[in-house]
Each structure stands twice: as structure tokens, then as C-alpha cells.
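Since the structure comes first, as C-alpha cells, the remarks are kept for the end.
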Amino acid sequence: MVTFQDFGLKRYCYQVIDELGFQNPTPIQEKVIPLVLKRKDVIGISQTGTGKTHAFLLPIVSQIDTTKDYVQAVITAPTRELAMQLFNNAKKFVDYLPELRVSLVVGGSDRQRAVNKLSTQPHIVIGTPGRIKDLSLEAQALKITTAKIFVVDEADMTLEFGYLEDIDAVAGKMADDLQMLVFSATIPQNLRPFLKKYMQSPVTVEIDSQLVTTANVEHILLATKHKDRYDLLKQIMNVIDPYICIIFANKRTEVSQITHQLREDGYKVGEIHGDLEPRERKKMMRQINNNEYQYIVATDIAARGIDIDGVSHVINMELPTEPDFYIHRSGRSGRGNYTGVCYSMYDSDDEKNIAVLERRGIEFKNMQLKNGEFVDLGQREKRKKRIRQQTELERQVQMIIRKPKKVKPGYKKKRKYQVEQVVKKQKRAMIREDIKRQKKECARQAQIAKRMEEDNDNW
């Protein structure tokens, strides 16, 4: 078994490990830490809660030379909240290495004050892409050209919020031999050109996190059956009375549309998605934290990494494409000693995704809204297990095609094929006969109509 001692980190890193109570490295820490120490470019694919933050913080801090008064590592996060979380984790090292300087640079704070603080350059810079770009390229107060390590945390969120251009601008001003570490829950196609541009033969470390949602959450499936999903959403909202409910949609445009419709219908609704401007986002998060909204509409990526206390209900307008996203969504409710409910709209195309989640230990209830109440149908599994019954025509054909005295290999398959072919032939014949019958009937009706018309003329 690999231990933290095997990595050969500096003494103060082990003091932090002891303080945090880490026993053994997580899978991503076990794989990433040695690669960072060997100065390899790394793409780490893992979910929140897998220990990825310390997978890069530990080896980075261990390599910092505190006798040098210049920036040696730059770490970006797409939101102020996530940057603050990284900064708080990094500050723990300062308790055991007081000469280490770590700076937090994020939007929403006084720019001139931030510039003044940079009169002495930090060893590690943690911040949002826009503010790092502003202070380094425009104000030229932050000297990032000396940095040897560049970390892009939550890269898919960075792309979602439109900050990839800022990251591109920052990376373009850094050293040619820059070591880049990119961490993300997923690697979207639009992110790949950026990775190819800046990373040299990166090692991809993918951790299949077996996250299981909390036992305090009830999981309910609601079949849409071609119903309008917005109408079904309104029906759910009329029945439940949440403390806070998050309504998830898969796309930013859908979040905006649902939010607009709900506001038009008189609901006071919050929204979180990548199209919000930083100022709007800051205001929205303040309102959410002040419990001004009972309902919040959000995308997966925008809501990830943001703590919203008191979520009692989650509604999925559709199932997410990634199973882990479902686990993160449902896990927003039922935290601590509280219970939660996660409602998911689905159709027949979602059966495979549902099966994956069931294999991971999630037990769904199949329900329907009837007269303002949730009714347990308990039929989804029965439908899946139902054996198709033979038609009368198929039984008759099987009696005609008798079993031979000597059975050869593949007989059953061949006989089944013969039955299917005869059934098809019989059905085609029946259809032709039915068409002939309908034509005769139409001709007969036409003759009757003609006679009645002649009788009327004679009369």
C-alpha cells in the first residue's frame, strides 16, 4: 500500500497531513503527486470529494523555494467561492512554513488595494482567471512570468463561464517550460484545443469515483409520456412545499427559459448558470445565501462547488448525461440529519442511465402525479421483466412448421427465423386481403350513392 511517506515531501507537508487527519493517499493523490514532483504535465479527471485539491497542493508547496521573492505557482478557479476554498487549504501550510506567501486575487474586491498588496510578490497565487489576467497583464502588478507551475482547477466550469480566453492570455505570457496541471470532472470537446496548445505529452489520470448519494434522500422517477415537462414541473411545485428546491436543467438556455417562464407565472426564482455576468452572479449568490429564493434553477457545472444550505428538494427536468452529476444533484438535499427528495423526469431513452445509477446503489420509486398526489406505480421493473407473448398467428405457424426428427446445431435459431418469415408473409397477405375488401366496400358504397342520386333525380 502506498503511503504519504513514499512521496518524499517536505516536513511541513507531513505536518499539514497530520493536522488534516489524512491516513493514506486517495487514488488521485497516489497517482498525481509523483507526476507533479517529476514535473510532468497532468490532466486529472475526477469529481469533487476525491482529494484532488491536495493532489496538487502538496507537491507544489513541497517544491516552493521561499528564499526566492517571486511567483512560482499560479492556481486558477472559475469562481470566487472555489478560489477561496483553495486559498483556505493553502493557508494551512503557512502555519508550519511562516515564510511561505500565498495570495488570493479575485474579482469583486478593490483593485488598487490588490495592486498595493503585490508590492512584495507571493510565492503562490490563487484566484479567478479574470482578476489574475487584470493584475498581471493590464496592471502589471503581478509578475507571473517567473512561475513554473500553472494549475487550472475545475476546467469544465472555466469553459462554461467563458473564462478560457483569460486562461489562454495568462498562459501565453508564462514560461515555455511551464508545467501545466488541469483538473476537471469532464473534459469537453471545446477544451481539447487549449490542452493541446499548452501541454507537453500530458499524463491523463482518470478516477472513477464510486460516489453514492446520501441515504437520507428519496429518489422518485416521473415518466413524462410525451407530457410537457414545464407543465409537469408546475404540478410538482403545486404539491411540494420545500425549504429550498433546486431545479436542474442540462443547458444554460434551458435554465434561462425555465426561470423566465416561472417568473412570468409569478414565482420568485433564482438562477445559476454560466451566462451570468460576475456582478449578477455575486448578487445572485448573496440573495441565495440570504434565503430570498425558495426555488433556484441551475446547470450542473454552475451549481458545483457552491454551498447552498437548507436544500430539501431537487427536481431534474431531465436526467444528466453523467451518472456522477445525478449523484451531485441529489446530494444537494438530505445533508446532515435532514431528509431530502429528488424528483427526476424521464422517458424511455433514459432507461440505460437509470440502470447505471441502480447498479451504483440508488433505489428509485416509480411514481405518478394523480389529482394532486404522488401515486406509487411500482410498474417500471415489471414492464422490463415482462415476457413477450406469442400471437395467435405465430402459434398457428409454429404448429405448421414441425420439428424435424433429427435436430442439427442451430436448429432453434433457424426455426425461429422460418416462423418469422412465414408470419411476415401471412401478415402481408392479410393486409392485401384487407385492402381488397376496403376497395370493394368503397365501390359498393359508391354504387349505392349513385343509385340514390338517380332515384332522387327521377323523383
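Every chain in the C-alpha cells takes a letter, A first, then B, and so on in the order presented; its residues are numbered from 1, and the ligands are numbered from 1 following the presented order.
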
Within 12 Å of region 234-238 of chain A: each region 329-356 of chain A residue with its shortest pair, only C-alpha atoms, as a Markdown table:
```
| residue | atom | partner | partner_atom | distance |
| --- | --- | --- | --- | --- |
| A:Val341 | CA | A:Ile236 | CA | 11.8 |
| A:Cys342 | CA | A:Ile236 | CA | 11.3 |
| A:Tyr343 | CA | A:Ile236 | CA | 8.7 |
| A:Ser344 | CA | A:Ile236 | CA | 10.7 |
| A:Met345 | CA | A:Ile236 | CA | 10.6 |
```

Restricting it to N, CA and C atoms, dump the selection as a PDB file, in the first residue's frame.
```pdb
ATOM      1  N   VAL A 341     -35.622  14.931  -1.032  1.00  0.00           N
ATOM      2  CA  VAL A 341     -36.323  14.215  -2.101  1.00  0.00           C
ATOM      3  C   VAL A 341     -35.789  14.705  -3.440  1.00  0.00           C
ATOM      4  N   CYS A 342     -35.510  13.772  -4.337  1.00  0.00           N
ATOM      5  CA  CYS A 342     -35.048  14.125  -5.677  1.00  0.00           C
ATOM      6  C   CYS A 342     -36.032  13.562  -6.700  1.00  0.00           C
ATOM      7  N   TYR A 343     -36.719  14.470  -7.428  1.00  0.00           N
ATOM      8  CA  TYR A 343     -37.678  14.083  -8.469  1.00  0.00           C
ATOM      9  C   TYR A 343     -36.981  14.179  -9.828  1.00  0.00           C
ATOM     10  N   SER A 344     -37.124  13.139 -10.640  1.00  0.00           N
ATOM     11  CA  SER A 344     -36.490  13.148 -11.965  1.00  0.00           C
ATOM     12  C   SER A 344     -37.507  12.799 -13.043  1.00  0.00           C
ATOM     13  N   MET A 345     -37.648  13.703 -14.011  1.00  0.00           N
ATOM     14  CA  MET A 345     -38.482  13.410 -15.175  1.00  0.00           C
ATOM     15  C   MET A 345     -37.670  12.537 -16.134  1.00  0.00           C
TER      16      MET A 345
END
```

Practice prompt. Using DSSP on the backbone coordinates, identify the residues of region 236-331 of chain A assigned to helix (DSSP H, G or I); present them as an MDAnalysis selection string.
Written response: chainID A and resid 236:239 252:264 278:289 300:303 323:330

Practice prompt. Find, counting only C-alpha atoms, the residue in A:Glu218, A:Asp275, A:Glu99, A:Asp41 that gets nearest to Asp69 (chain A).
Written response: A:Glu99

Worksheet item: Expressed in Å to a single decimal, how great is the separation between CA of Asn291 (chain A) and CA of Ile327 (chain A)?
Response: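 So the answer is 23.9 Å.
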
Fill in: Of the listed residues A:Leu319, A:Ile207, A:Val125, A:Val105, that which approaches Gln47 (chain A) most closely, counting only C-alpha atoms
A:Ile207

Practice prompt. Name the closest residue to Ile60 (chain A) among the candidates A:Gly21, A:Lys424, A:Ile149, A:Ser109; distances are taken between atoms, counting only C-alpha atoms.
Written response: A:Ile149

Worksheet item: Using only C-alpha atoms, which of A:Tyr14, A:Val151, A:Leu369, A:Tyr293 sits nearest Thr224 (chain A)?
Response: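 Nearest to Thr224 (chain A): A:Leu369.
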
Practice prompt. Can you work out which one of A:Lys143, A:Lys227, A:Arg329, A:Arg281 has the shortest atom-to-atom distance to Cys245 (chain A), counting only C-alpha atoms?
Written response: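 Of the candidates, the smallest distance to Cys245 (chain A) is held by A:Arg329.
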
Discussion item. What does the structure give for the distance between CA of Ile144 (chain A) and CA of Asp110 (chain A), in Å to one decimal?
Written reply: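 CA of Ile144 (chain A) sits 20.2 Å away from CA of Asp110 (chain A).
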
Residue contacts of Phe364 (chain A) (10 Å, only C-alpha atoms) excluding same-chain residues fewer than 2 positions away, as a compact mmCIF listing (two decimals) with C-alpha atoms, in the first residue's frame:
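selection15.txt written:
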```
# COMPACT_ATOMS: atom_id res chain seq x y z
CA GLU A 218 -35.64 9.61 -1.57
CA HIS A 219 -35.34 9.13 -5.35
CA ILE A 220 -38.52 9.43 -7.41
CA LEU A 221 -38.94 8.85 -11.15
CA CYS A 342 -35.05 14.12 -5.68
CA TYR A 343 -37.68 14.08 -8.47
CA SER A 344 -36.49 13.15 -11.96
CA ILE A 354 -31.27 4.68 -14.77
CA LEU A 357 -27.47 4.51 -11.26
CA GLU A 358 -29.32 1.49 -9.88
CA GLY A 361 -26.95 1.50 -5.25
CA ILE A 362 -29.68 4.07 -5.91
CA ASN A 366 -41.66 4.92 -9.95
CA MET A 367 -44.46 7.40 -9.28
CA GLY A 378 -44.34 0.12 -8.94
CA ARG A 380 -41.24 0.01 -14.22
```

Any idea what's packed within 12 Å of Asp177 (chain A), counting only C-alpha atoms, ignoring anything in its chain fewer than 4 positions away? Could you give it as an mmCIF file with N, CA and C atoms, in the first residue's frame?
```cif
data_model
loop_
_atom_site.group_PDB
_atom_site.id
_atom_site.type_symbol
_atom_site.label_atom_id
_atom_site.label_comp_id
_atom_site.auth_asym_id
_atom_site.auth_seq_id
_atom_site.Cartn_x
_atom_site.Cartn_y
_atom_site.Cartn_z
ATOM 1 N N ARG A 39 7.667 16.788 -12.550
ATOM 2 C CA ARG A 39 7.431 17.896 -13.482
ATOM 3 C C ARG A 39 6.744 17.451 -14.776
ATOM 4 N N LYS A 40 5.817 16.526 -14.649
ATOM 5 C CA LYS A 40 5.016 16.082 -15.788
ATOM 6 C C LYS A 40 3.767 16.949 -15.898
ATOM 7 N N ASP A 41 3.313 17.197 -17.122
ATOM 8 C CA ASP A 41 2.005 17.819 -17.327
ATOM 9 C C ASP A 41 0.932 16.768 -17.043
ATOM 10 N N THR A 145 5.408 35.751 -15.010
ATOM 11 C CA THR A 145 6.332 35.154 -15.986
ATOM 12 C C THR A 145 7.367 34.251 -15.330
ATOM 13 N N THR A 146 7.553 34.402 -14.007
ATOM 14 C CA THR A 146 8.542 33.583 -13.297
ATOM 15 C C THR A 146 7.972 32.237 -12.859
ATOM 16 N N ALA A 147 6.652 32.078 -12.924
ATOM 17 C CA ALA A 147 6.005 30.852 -12.437
ATOM 18 C C ALA A 147 6.379 29.653 -13.296
ATOM 19 N N LYS A 148 6.649 28.548 -12.638
ATOM 20 C CA LYS A 148 6.995 27.305 -13.329
ATOM 21 C C LYS A 148 5.837 26.310 -13.353
ATOM 22 N N ILE A 149 4.809 26.577 -12.530
ATOM 23 C CA ILE A 149 3.659 25.667 -12.436
ATOM 24 C C ILE A 149 2.371 26.467 -12.613
ATOM 25 N N PHE A 150 1.476 25.956 -13.449
ATOM 26 C CA PHE A 150 0.189 26.606 -13.683
ATOM 27 C C PHE A 150 -0.903 25.560 -13.526
ATOM 28 N N ALA A 171 -1.676 32.074 -19.720
ATOM 29 C CA ALA A 171 -0.726 31.011 -20.050
ATOM 30 C C ALA A 171 0.249 31.458 -21.146
ATOM 31 N N GLY A 172 -0.246 32.289 -22.076
ATOM 32 C CA GLY A 172 0.599 32.762 -23.173
ATOM 33 C C GLY A 172 1.757 33.638 -22.724
ATOM 34 N N LYS A 173 1.669 34.218 -21.522
ATOM 35 C CA LYS A 173 2.728 35.097 -21.003
ATOM 36 C C LYS A 173 3.689 34.361 -20.070
ATOM 37 N N TYR A 198 -0.997 24.013 -24.961
ATOM 38 C CA TYR A 198 -0.080 24.334 -23.870
ATOM 39 C C TYR A 198 0.551 23.133 -23.168
ATOM 40 N N MET A 199 0.010 21.943 -23.348
ATOM 41 C CA MET A 199 0.511 20.805 -22.578
ATOM 42 C C MET A 199 1.433 19.927 -23.419
ATOM 43 N N GLN A 200 2.521 19.511 -22.808
ATOM 44 C CA GLN A 200 3.522 18.685 -23.482
ATOM 45 C C GLN A 200 3.367 17.231 -23.029
#
```
